[in-house]
$ cat target.txt   # compact mmCIF, C-alpha atoms
# COMPACT_ATOMS: atom_id res chain seq x y z
CA MET A 142 -38.18 8.77 -14.81
CA LYS A 143 -36.65 10.64 -11.91
CA ASN A 144 -32.87 10.24 -11.68
CA ARG A 145 -31.25 8.81 -8.59
CA LEU A 146 -27.99 10.25 -7.27
CA ILE A 147 -25.35 7.64 -6.47
CA CYS A 148 -21.86 8.53 -5.25
CA VAL A 149 -19.29 6.17 -6.72
CA GLY A 150 -16.00 7.80 -5.69
CA MET A 151 -13.85 5.46 -3.59
CA ILE A 152 -11.31 7.06 -1.27
CA CYS A 153 -8.69 4.55 -0.16
CA VAL A 154 -6.42 6.29 2.37
CA PHE A 155 -4.38 8.06 -0.28
CA MET A 156 -6.24 7.61 -3.51
CA LEU A 157 -9.44 8.47 -5.29
CA PHE A 158 -11.21 6.29 -7.82
CA ALA A 159 -13.84 8.19 -9.77
CA TRP A 160 -15.40 8.48 -13.21
CA GLY A 161 -17.98 10.79 -14.67
CA VAL A 162 -20.25 11.50 -17.64
CA VAL A 163 -23.14 13.90 -18.22
CA PRO A 164 -26.25 13.36 -20.33
CA PRO A 165 -25.22 13.91 -23.95
CA THR A 166 -26.83 16.84 -25.72
CA ALA A 167 -25.94 15.35 -29.10
CA SER A 168 -24.94 11.96 -30.34
CA ALA A 169 -21.49 11.11 -29.05
CA ASN A 170 -21.13 8.73 -31.96
CA SER A 171 -21.47 11.35 -34.68
CA LEU A 172 -19.04 10.52 -37.45
CA VAL A 173 -15.79 12.44 -36.96
CA SER A 174 -12.70 11.54 -38.95
CA SER A 175 -9.73 10.52 -36.85
CA ASP A 176 -7.66 13.47 -38.03
CA GLN A 177 -10.28 15.83 -36.57
CA LEU A 178 -10.33 14.29 -33.09
CA GLU A 179 -8.86 16.18 -30.15
CA PHE A 180 -6.49 13.41 -29.05
CA ALA A 181 -4.26 11.06 -31.01
CA PHE A 182 -1.35 9.14 -29.50
CA GLN A 183 1.39 8.21 -32.00
CA GLY A 184 -1.10 8.61 -34.83
CA ILE A 185 -3.79 6.42 -33.23
CA SER A 186 -7.26 7.71 -32.25
CA ILE A 187 -10.42 6.25 -30.75
CA GLY A 188 -12.35 4.55 -33.57
CA ASP A 189 -9.34 3.50 -35.62
CA SER A 190 -9.07 -0.12 -36.70
CA ALA A 191 -6.74 -2.77 -35.30
CA THR A 192 -5.21 -2.91 -38.78
CA ASP A 193 -4.40 0.80 -38.52
CA VAL A 194 -2.71 0.17 -35.17
CA THR A 195 -0.57 -2.69 -36.46
CA SER A 196 0.40 -0.73 -39.57
CA THR A 197 1.44 2.27 -37.47
CA LEU A 198 2.90 0.70 -34.32
CA GLY A 199 3.72 -2.88 -35.28
CA GLU A 200 3.42 -5.73 -32.80
CA PRO A 201 2.80 -4.90 -29.13
CA GLN A 202 5.30 -5.58 -26.35
CA ARG A 203 2.47 -6.96 -24.23
CA THR A 204 -1.22 -7.88 -24.59
CA THR A 205 -3.48 -7.94 -21.53
CA VAL A 206 -7.16 -7.41 -20.68
CA SER A 207 -8.93 -4.37 -19.27
CA ARG A 208 -11.66 -4.11 -16.64
CA TYR A 209 -14.01 -3.30 -19.54
CA GLY A 210 -13.22 -6.64 -21.17
CA PHE A 211 -11.40 -5.20 -24.17
CA GLU A 212 -7.75 -5.99 -24.93
CA TRP A 213 -4.96 -3.61 -23.94
CA ARG A 214 -2.01 -3.67 -26.34
CA THR A 215 1.08 -2.01 -24.89
CA TYR A 216 3.71 -0.37 -27.09
CA HIS A 217 7.02 1.24 -26.13
CA ASN A 218 10.70 1.43 -27.02
CA ASN A 219 12.43 0.39 -23.81
CA TYR A 220 9.58 2.25 -22.09
CA ASN A 221 10.08 5.41 -24.15
CA ASP A 222 7.05 6.56 -26.20
CA PHE A 223 4.74 4.51 -23.99
CA VAL A 224 1.16 3.99 -25.15
CA MET A 225 -1.62 1.51 -24.34
CA VAL A 226 -4.17 0.86 -27.09
CA GLY A 227 -7.50 -0.78 -26.26
CA ILE A 228 -8.96 -3.05 -28.97
CA ASP A 229 -12.47 -4.50 -28.73
CA ASP A 230 -13.87 -7.68 -30.26
CA GLN A 231 -14.81 -5.72 -33.39
CA ASP A 232 -11.12 -4.87 -33.91
CA LYS A 233 -11.76 -1.19 -33.16
CA VAL A 234 -9.74 1.14 -30.94
CA VAL A 235 -11.87 1.85 -27.85
CA GLY A 236 -9.21 2.86 -25.31
CA LEU A 237 -5.98 4.88 -25.26
CA TYR A 238 -3.56 5.85 -22.51
CA SER A 239 -0.22 7.63 -22.67
CA ASN A 240 2.09 9.40 -20.26
CA SER A 241 4.67 10.14 -22.96
CA THR A 242 5.82 13.57 -24.05
CA ASN A 243 5.44 12.84 -27.78
CA TRP A 244 1.82 13.95 -28.28
CA THR A 245 -0.04 17.27 -28.36
CA SER A 246 -3.83 17.56 -28.67
CA LYS A 247 -5.58 19.73 -31.25
CA SER A 248 -6.02 22.39 -28.55
CA GLY A 249 -2.33 22.28 -27.62
CA ILE A 250 -2.64 20.15 -24.48
CA HIS A 251 0.30 17.85 -23.72
CA VAL A 252 2.21 16.31 -20.82
CA GLY A 253 3.42 19.35 -18.90
CA SER A 254 0.38 21.57 -19.64
CA SER A 255 -1.14 23.20 -16.58
CA GLN A 256 -4.57 22.39 -15.19
CA THR A 257 -5.54 25.99 -16.00
CA GLU A 258 -4.60 25.47 -19.65
CA VAL A 259 -6.65 22.26 -19.79
CA ARG A 260 -9.72 23.97 -18.35
CA GLU A 261 -9.31 26.93 -20.67
CA ALA A 262 -9.21 24.51 -23.61
CA PHE A 263 -12.01 22.15 -22.59
CA GLY A 264 -14.09 24.10 -20.08
CA THR A 265 -15.52 22.96 -16.78
CA PRO A 266 -14.83 19.27 -16.02
CA LEU A 267 -17.71 16.87 -15.66
CA THR A 268 -19.15 16.27 -12.22
CA TYR A 269 -21.58 13.48 -13.13
CA ILE A 270 -21.93 10.49 -15.40
CA PHE A 271 -25.40 9.77 -16.73
CA LYS A 272 -26.10 6.12 -17.53
CA SER A 273 -29.49 4.55 -18.12
CA GLY A 274 -31.46 7.08 -16.10
CA THR A 275 -29.00 7.38 -13.24
CA ASN A 276 -26.56 10.19 -12.39
CA TYR A 277 -23.21 9.02 -11.00
CA LYS A 278 -21.28 11.69 -9.13
CA ILE A 279 -17.53 12.25 -9.28
CA ASP A 280 -16.25 12.84 -5.76
CA ASP A 281 -13.57 15.56 -5.54
CA CYS A 282 -11.42 14.54 -8.47
CA THR A 283 -8.73 17.03 -7.46
CA LYS A 284 -5.95 15.25 -9.34
CA CYS A 285 -7.78 14.55 -12.58
CA ASP A 286 -10.39 16.16 -14.80
CA VAL A 287 -12.95 14.23 -16.84
CA TYR A 288 -14.44 15.47 -20.11
CA GLN A 289 -16.71 14.17 -22.82
CA LEU A 290 -14.88 14.95 -26.05
CA GLU A 291 -16.33 13.83 -29.39
CA ASN A 292 -16.59 10.02 -29.34
CA SER A 293 -14.87 9.38 -26.01
CA TYR A 294 -14.42 10.33 -22.38
CA ALA A 295 -11.05 11.81 -21.54
CA THR A 296 -9.53 11.64 -18.06
CA VAL A 297 -6.65 14.07 -17.75
CA PHE A 298 -4.38 13.17 -14.82
CA TYR A 299 -2.31 15.80 -13.00
CA ASP A 300 0.85 15.64 -10.91
CA GLN A 301 0.42 17.61 -7.72
CA TYR A 302 4.19 17.53 -7.15
CA GLN A 303 4.70 19.31 -10.49
CA ASP A 304 2.24 22.14 -9.86
CA TYR A 305 -0.70 20.16 -11.24
CA GLN A 306 0.78 19.72 -14.68
CA VAL A 307 -0.69 17.09 -17.01
CA THR A 308 1.09 13.77 -16.44
CA SER A 309 -1.05 11.45 -18.60
CA THR A 310 -4.38 11.07 -20.38
CA LEU A 311 -6.82 8.15 -20.59
CA LEU A 312 -9.45 7.92 -23.33
CA ILE A 313 -12.38 5.47 -23.26
CA ASP A 314 -14.86 5.10 -26.12
CA TYR A 315 -18.24 6.68 -25.34
CA ASP A 316 -20.31 3.52 -25.94
CA VAL A 317 -17.90 1.34 -23.96
CA GLU A 318 -18.08 3.61 -20.91
CA GLN A 319 -21.84 3.99 -21.16
CA ALA A 320 -22.29 0.20 -21.18
CA PHE A 321 -19.84 -0.42 -18.32
CA ARG A 322 -20.89 -1.15 -14.74
CA TRP A 323 -18.31 -1.73 -12.01
CA TYR A 324 -19.47 -5.30 -11.41
CA ASP A 325 -18.77 -6.21 -15.05
CA ALA A 326 -15.08 -6.33 -14.13
CA LEU A 327 -15.77 -9.23 -11.76
CA ASN A 328 -16.35 -11.50 -14.76
CA VAL A 329 -13.32 -10.54 -16.86
CA PRO A 330 -11.03 -13.61 -17.17
CA ASN A 331 -7.40 -13.19 -16.07
CA LEU A 332 -7.97 -9.58 -15.01
CA GLU A 333 -5.87 -9.73 -11.84
CA GLU A 334 -2.84 -11.14 -13.66
CA SER A 335 -3.25 -8.45 -16.33
CA LEU A 336 -3.43 -5.70 -13.71
CA ARG A 337 -0.18 -6.87 -12.14
CA VAL A 338 1.85 -6.54 -15.33
CA GLN A 339 0.06 -3.37 -16.43
CA ASN A 340 1.11 -1.79 -13.16
CA PHE A 341 4.69 -2.92 -13.69
CA ASP A 342 4.74 -1.34 -17.15
CA LEU A 343 3.26 1.92 -15.87
CA VAL A 344 5.95 2.16 -13.20
CA ASN A 345 8.73 1.73 -15.73
CA ALA A 346 7.13 4.11 -18.22
CA VAL A 347 7.12 6.95 -15.70
CA ARG A 348 10.62 6.05 -14.48
CA VAL A 349 12.07 6.23 -17.98
CA ARG A 350 10.21 9.47 -18.68
CA GLU A 351 11.86 10.91 -15.56
CA GLY A 352 15.32 9.76 -16.68
CA LEU A 353 15.54 6.72 -14.39
CA THR A 354 16.49 3.10 -15.09
CA PRO A 355 13.57 0.66 -15.41
CA TYR A 356 12.99 -1.72 -12.52
CA ILE A 357 13.51 -5.43 -13.15
CA TRP A 358 10.58 -7.79 -12.57
CA ASP A 359 11.48 -10.40 -9.94
CA ASP A 360 9.29 -13.49 -9.62
CA LYS A 361 10.31 -14.13 -6.02
CA ILE A 362 9.31 -10.74 -4.69
CA ALA A 363 6.25 -10.79 -6.94
CA GLY A 364 5.29 -13.91 -4.99
CA THR A 365 5.83 -12.03 -1.72
CA ALA A 366 3.60 -9.21 -2.99
CA GLN A 367 0.92 -11.61 -4.22
CA ASP A 368 0.91 -13.48 -0.91
CA HIS A 369 0.38 -10.22 0.98
CA SER A 370 -2.47 -9.14 -1.31
CA GLU A 371 -4.13 -12.53 -0.86
CA ASP A 372 -3.60 -12.36 2.90
CA MET A 373 -5.28 -8.94 3.10
CA ALA A 374 -8.14 -10.06 0.86
CA THR A 375 -8.73 -13.33 2.75
CA ASN A 376 -8.32 -12.02 6.29
CA ASN A 377 -10.03 -8.66 5.83
CA PHE A 378 -7.29 -6.19 6.77
CA TYR A 379 -5.46 -3.38 5.02
CA SER A 380 -1.97 -2.79 6.34
CA HIS A 381 1.74 -3.27 5.66
CA VAL A 382 1.80 -5.42 8.82
CA ASN A 383 -0.05 -8.73 8.72
CA LYS A 384 -2.00 -10.29 11.58
CA ASN A 385 1.15 -12.09 12.74
CA GLY A 386 2.88 -8.73 13.20
CA GLU A 387 5.12 -9.23 10.14
CA GLY A 388 6.08 -6.27 7.97
CA VAL A 389 7.48 -6.30 4.48
CA ALA A 390 11.07 -6.96 5.60
CA ASP A 391 9.95 -9.99 7.62
CA ARG A 392 7.93 -11.39 4.74
CA VAL A 393 10.71 -10.86 2.19
CA LYS A 394 13.23 -12.62 4.46
CA GLN A 395 10.85 -15.55 4.93
CA ASP A 396 10.73 -15.94 1.16
CA GLY A 397 14.50 -16.32 1.02
CA ILE A 398 15.30 -12.96 -0.60
CA SER A 399 18.50 -11.22 0.46
CA PHE A 400 18.26 -7.45 0.30
CA LYS A 401 19.99 -4.23 1.25
CA VAL A 402 16.86 -2.06 1.08
CA VAL A 403 13.21 -3.05 0.77
CA GLY A 404 10.00 -1.06 0.29
CA GLU A 405 6.29 -1.56 -0.23
CA ASN A 406 3.18 0.21 -1.57
CA ILE A 407 -0.36 -1.02 -0.98
CA ALA A 408 -3.77 0.09 -2.23
CA MET A 409 -7.35 -1.13 -2.07
CA LEU A 410 -10.43 -1.13 -4.33
CA PRO A 411 -9.67 0.31 -7.80
CA ARG A 412 -10.00 -2.25 -10.60
CA SER A 413 -7.71 -0.21 -12.86
CA ALA A 414 -3.92 -0.30 -12.91
CA ILE A 415 -3.94 3.24 -14.34
CA TYR A 416 -5.96 4.76 -11.47
CA VAL A 417 -3.87 2.93 -8.86
CA HIS A 418 -0.65 4.12 -10.49
CA GLU A 419 -1.76 7.73 -10.77
CA GLY A 420 -2.97 7.65 -7.18
CA TRP A 421 0.36 6.35 -5.91
CA MET A 422 2.22 8.99 -7.94
CA ASN A 423 0.24 11.68 -6.10
CA SER A 424 1.21 10.36 -2.66
CA SER A 425 4.72 11.28 -1.55
CA GLY A 426 5.76 8.01 0.11
CA HIS A 427 4.40 5.79 -2.65
CA ARG A 428 5.84 8.08 -5.30
CA SER A 429 9.26 7.84 -3.63
CA ASN A 430 9.19 4.06 -3.97
CA ILE A 431 8.13 4.20 -7.62
CA LEU A 432 10.85 6.74 -8.46
CA GLY A 433 13.35 5.27 -6.02
CA SER A 434 16.74 3.61 -6.42
CA TYR A 435 15.66 -0.01 -6.00
CA GLN A 436 16.59 -2.66 -8.55
CA TYR A 437 13.69 -5.13 -8.45
CA ILE A 438 9.92 -5.00 -8.25
CA GLY A 439 7.00 -7.39 -7.97
CA VAL A 440 3.26 -6.67 -7.96
CA GLY A 441 0.42 -8.57 -6.33
CA VAL A 442 -3.34 -8.19 -6.90
CA ALA A 443 -6.05 -10.24 -5.17
CA ALA A 444 -9.82 -9.92 -4.77
CA ASN A 445 -11.85 -10.61 -1.63
CA ARG A 446 -15.22 -12.35 -1.75
CA GLY A 447 -16.94 -9.03 -2.44
CA GLY A 448 -14.74 -8.40 -5.45
CA ASN A 449 -12.68 -5.61 -3.86
CA LEU A 450 -9.05 -5.64 -4.97
CA TYR A 451 -5.98 -5.47 -2.73
CA TRP A 452 -2.78 -4.23 -4.41
CA THR A 453 0.81 -4.68 -3.28
CA GLN A 454 4.03 -3.42 -4.86
CA ASP A 455 7.24 -4.74 -3.29
CA PHE A 456 10.70 -3.37 -4.12
CA TYR A 457 14.22 -4.32 -3.14
CA THR A 458 17.89 -3.77 -3.84
CA SER A 459 20.23 -6.75 -3.59
CA PRO A 460 23.20 -6.65 -1.17

$ encode --input "target.txt" --output "structure tokens"
Amino acid sequence: MKNRLICVGMICVFMLFAWGVVPPTASANSLVSSDQLEFAFQGISIGDSATDVTSTLGEPQRTTVSRYGFEWRTYHNNYNDFVMVGIDDQDKVVGLYSNSTNWTSKSGIHVGSSQTEVREAFGTPLTYIFKSGTNYKIDDCTKCDVYQLENSYATVFYDQYQDYQVTSTLLIDYDVEQAFRWYDALNVPNLEESLRVQNFDLVNAVRVREGLTPYIWDDKIAGTAQDHSEDMATNNFYSHVNKNGEGVADRVKQDGISFKVVGENIAMLPRSAIYVHEGWMNSSGHRSNILGSYQYIGVGVAANRGGNLYWTQDFYTSP
């Protein structure tokens, strides 16, 4: 059957959402022991059991759901040594993410490695994903590289403000990614609530890594953020200013929050807290808010009727 070419990259003002795979030349599910795999975070690899995870890491600080439908278990020590472990309904590790400095791959790649070092280790990044007879193209993934490595797909994220050094890595099990279609995420229960708190954790993980104090979750400003996301989704606009001409400071005041300084980030489309976070971190204004000197944060996520997501992060410092 002749393959069709479908572009699936989504450029949202300041961010790119893309994913890619090529037709496998050999079985991606060939048996490889976990100690032979390229990536392991805190002793955990794709394919390990949930029992292995609990024995090694203990109980998670938070459990949420992913867009794939599997469970994300989040582990950290006051946001140091941050790792997210994805567990499927067969109690197997099918996802991993870490932006911590406590891991090094078999080829010597770690947070702080250069993009050149990554490409020397792994070769040319993928430009397509091949699923069920269709090629899906990755559009200009200039701030991440995607590879098929052993039993998973690895997305290596870079920080353009640190000379394109590795800032984090996401691993997704081969079979899970092959089976996934973007519309599957529309049917994942409680996904939007999970994305909100995942995004909060990602912000604090990078803040602590950079020597900053974690932000404090604030329910009031989280409500402000959620209201703005729902407003954008319902009324079909994408802006810091709503259709009544009200910016973030106006909306925060209306919600009875006293502040000295207030800020806001917004995004549209990606159904992944990780991609949204990494996109914001590669945009100077959004990055400044994430690494800023605020005290409190709240996150809102809402879907329009077409399933597109609208994201809002609101920040403030009390008087």

$ axis_aligned_box --input "target.txt" --around "region 328-336 of chain A" --padding-each-side "8 Å" --output "JSON"
{"center_x": -9.6, "center_y": -9.7, "center_z": -14.5, "size_x": 29.5, "size_y": 23.9, "size_z": 21.3}

$ atom_distance --input "target.txt" --atom1 "CA of Asn449 (chain A)" --atom2 "CA of Tyr379 (chain A)"
11.7 Å

$ atom_distance --input "target.txt" --atom1 "CA of Met422 (chain A)" --atom2 "CA of Phe298 (chain A)"
10.4 Å

$ residues_around --input "target.txt" --residues "Gly404 (chain A)" --least-positions-apart "4" --cutoff "12 Å" --atoms "only C-alpha atoms" --output "PyMOL selection string"
chain A and resi 362+365-366+381+388-393+400+426-439+453-458

$ closest_residue --input "target.txt" --among "A:Tyr277, A:Thr310, A:Trp244, A:Thr205" --to "Leu336 (chain A)" --atoms "only C-alpha atoms"
A:Thr205

$ atom_distance --input "target.txt" --atom1 "CA of Leu312 (chain A)" --atom2 "CA of Ser207 (chain A)"
13.0 Å

$ closest_atom_pairs --input "target.txt" --of "region 301-364 of chain A" --to "region 178-195 of chain A" --cutoff "12 Å" --atoms "all atoms listed in the file" --output "JSON lines"
{"residue": "A:Ser309", "atom": "CA", "partner": "A:Phe182", "partner_atom": "CA", "distance": 11.1}
{"residue": "A:Thr310", "atom": "CA", "partner": "A:Phe180", "partner_atom": "CA", "distance": 9.2}
{"residue": "A:Leu311", "atom": "CA", "partner": "A:Phe180", "partner_atom": "CA", "distance": 10.0}
{"residue": "A:Leu312", "atom": "CA", "partner": "A:Ile187", "partner_atom": "CA", "distance": 7.7}
{"residue": "A:Ile313", "atom": "CA", "partner": "A:Ile187", "partner_atom": "CA", "distance": 7.8}
{"residue": "A:Asp314", "atom": "CA", "partner": "A:Ile187", "partner_atom": "CA", "distance": 6.5}
{"residue": "A:Tyr315", "atom": "CA", "partner": "A:Ile187", "partner_atom": "CA", "distance": 9.5}
{"residue": "A:Asp316", "atom": "CA", "partner": "A:Gly188", "partner_atom": "CA", "distance": 11.1}
{"residue": "A:Val317", "atom": "CA", "partner": "A:Ile187", "partner_atom": "CA", "distance": 11.2}

$ build_atoms --input "target.txt" --residues "region 392-407 of chain A" --atoms "N, CA and C atoms" --output "tab-separated table (two decimals), in the coordinates of the input"
chain	number	residue	atom	x	y	z
A	392	ARG	N	8.51	-10.52	5.76
A	392	ARG	CA	7.93	-11.39	4.74
A	392	ARG	C	8.92	-11.68	3.61
A	393	VAL	N	9.70	-10.67	3.24
A	393	VAL	CA	10.71	-10.86	2.19
A	393	VAL	C	11.79	-11.83	2.66
A	394	LYS	N	12.23	-11.70	3.91
A	394	LYS	CA	13.23	-12.62	4.46
A	394	LYS	C	12.70	-14.04	4.47
A	395	GLN	N	11.45	-14.21	4.88
A	395	GLN	CA	10.85	-15.55	4.93
A	395	GLN	C	10.82	-16.21	3.56
A	396	ASP	N	10.76	-15.40	2.52
A	396	ASP	CA	10.73	-15.94	1.16
A	396	ASP	C	12.12	-16.14	0.58
A	397	GLY	N	13.14	-15.99	1.43
A	397	GLY	CA	14.50	-16.32	1.02
A	397	GLY	C	15.17	-15.28	0.14
A	398	ILE	N	14.72	-14.04	0.22
A	398	ILE	CA	15.30	-12.96	-0.60
A	398	ILE	C	16.28	-12.16	0.26
A	399	SER	N	17.50	-12.05	-0.21
A	399	SER	CA	18.50	-11.22	0.46
A	399	SER	C	18.40	-9.81	-0.10
A	400	PHE	N	18.43	-8.82	0.77
A	400	PHE	CA	18.26	-7.45	0.30
A	400	PHE	C	19.06	-6.48	1.16
A	401	LYS	N	19.37	-5.35	0.54
A	401	LYS	CA	19.99	-4.23	1.25
A	401	LYS	C	18.92	-3.23	1.69
A	402	VAL	N	17.97	-2.98	0.80
A	402	VAL	CA	16.86	-2.06	1.08
A	402	VAL	C	15.60	-2.68	0.51
A	403	VAL	N	14.48	-2.51	1.22
A	403	VAL	CA	13.21	-3.05	0.77
A	403	VAL	C	12.13	-2.01	1.00
A	404	GLY	N	11.11	-2.00	0.15
A	404	GLY	CA	10.00	-1.06	0.29
A	404	GLY	C	8.71	-1.67	-0.20
A	405	GLU	N	7.60	-1.01	0.13
A	405	GLU	CA	6.29	-1.56	-0.23
A	405	GLU	C	5.25	-0.46	-0.39
A	406	ASN	N	4.40	-0.60	-1.39
A	406	ASN	CA	3.18	0.21	-1.57
A	406	ASN	C	1.98	-0.72	-1.53
A	407	ILE	N	0.89	-0.26	-0.93
A	407	ILE	CA	-0.36	-1.02	-0.98
A	407	ILE	C	-1.50	-0.08	-1.35
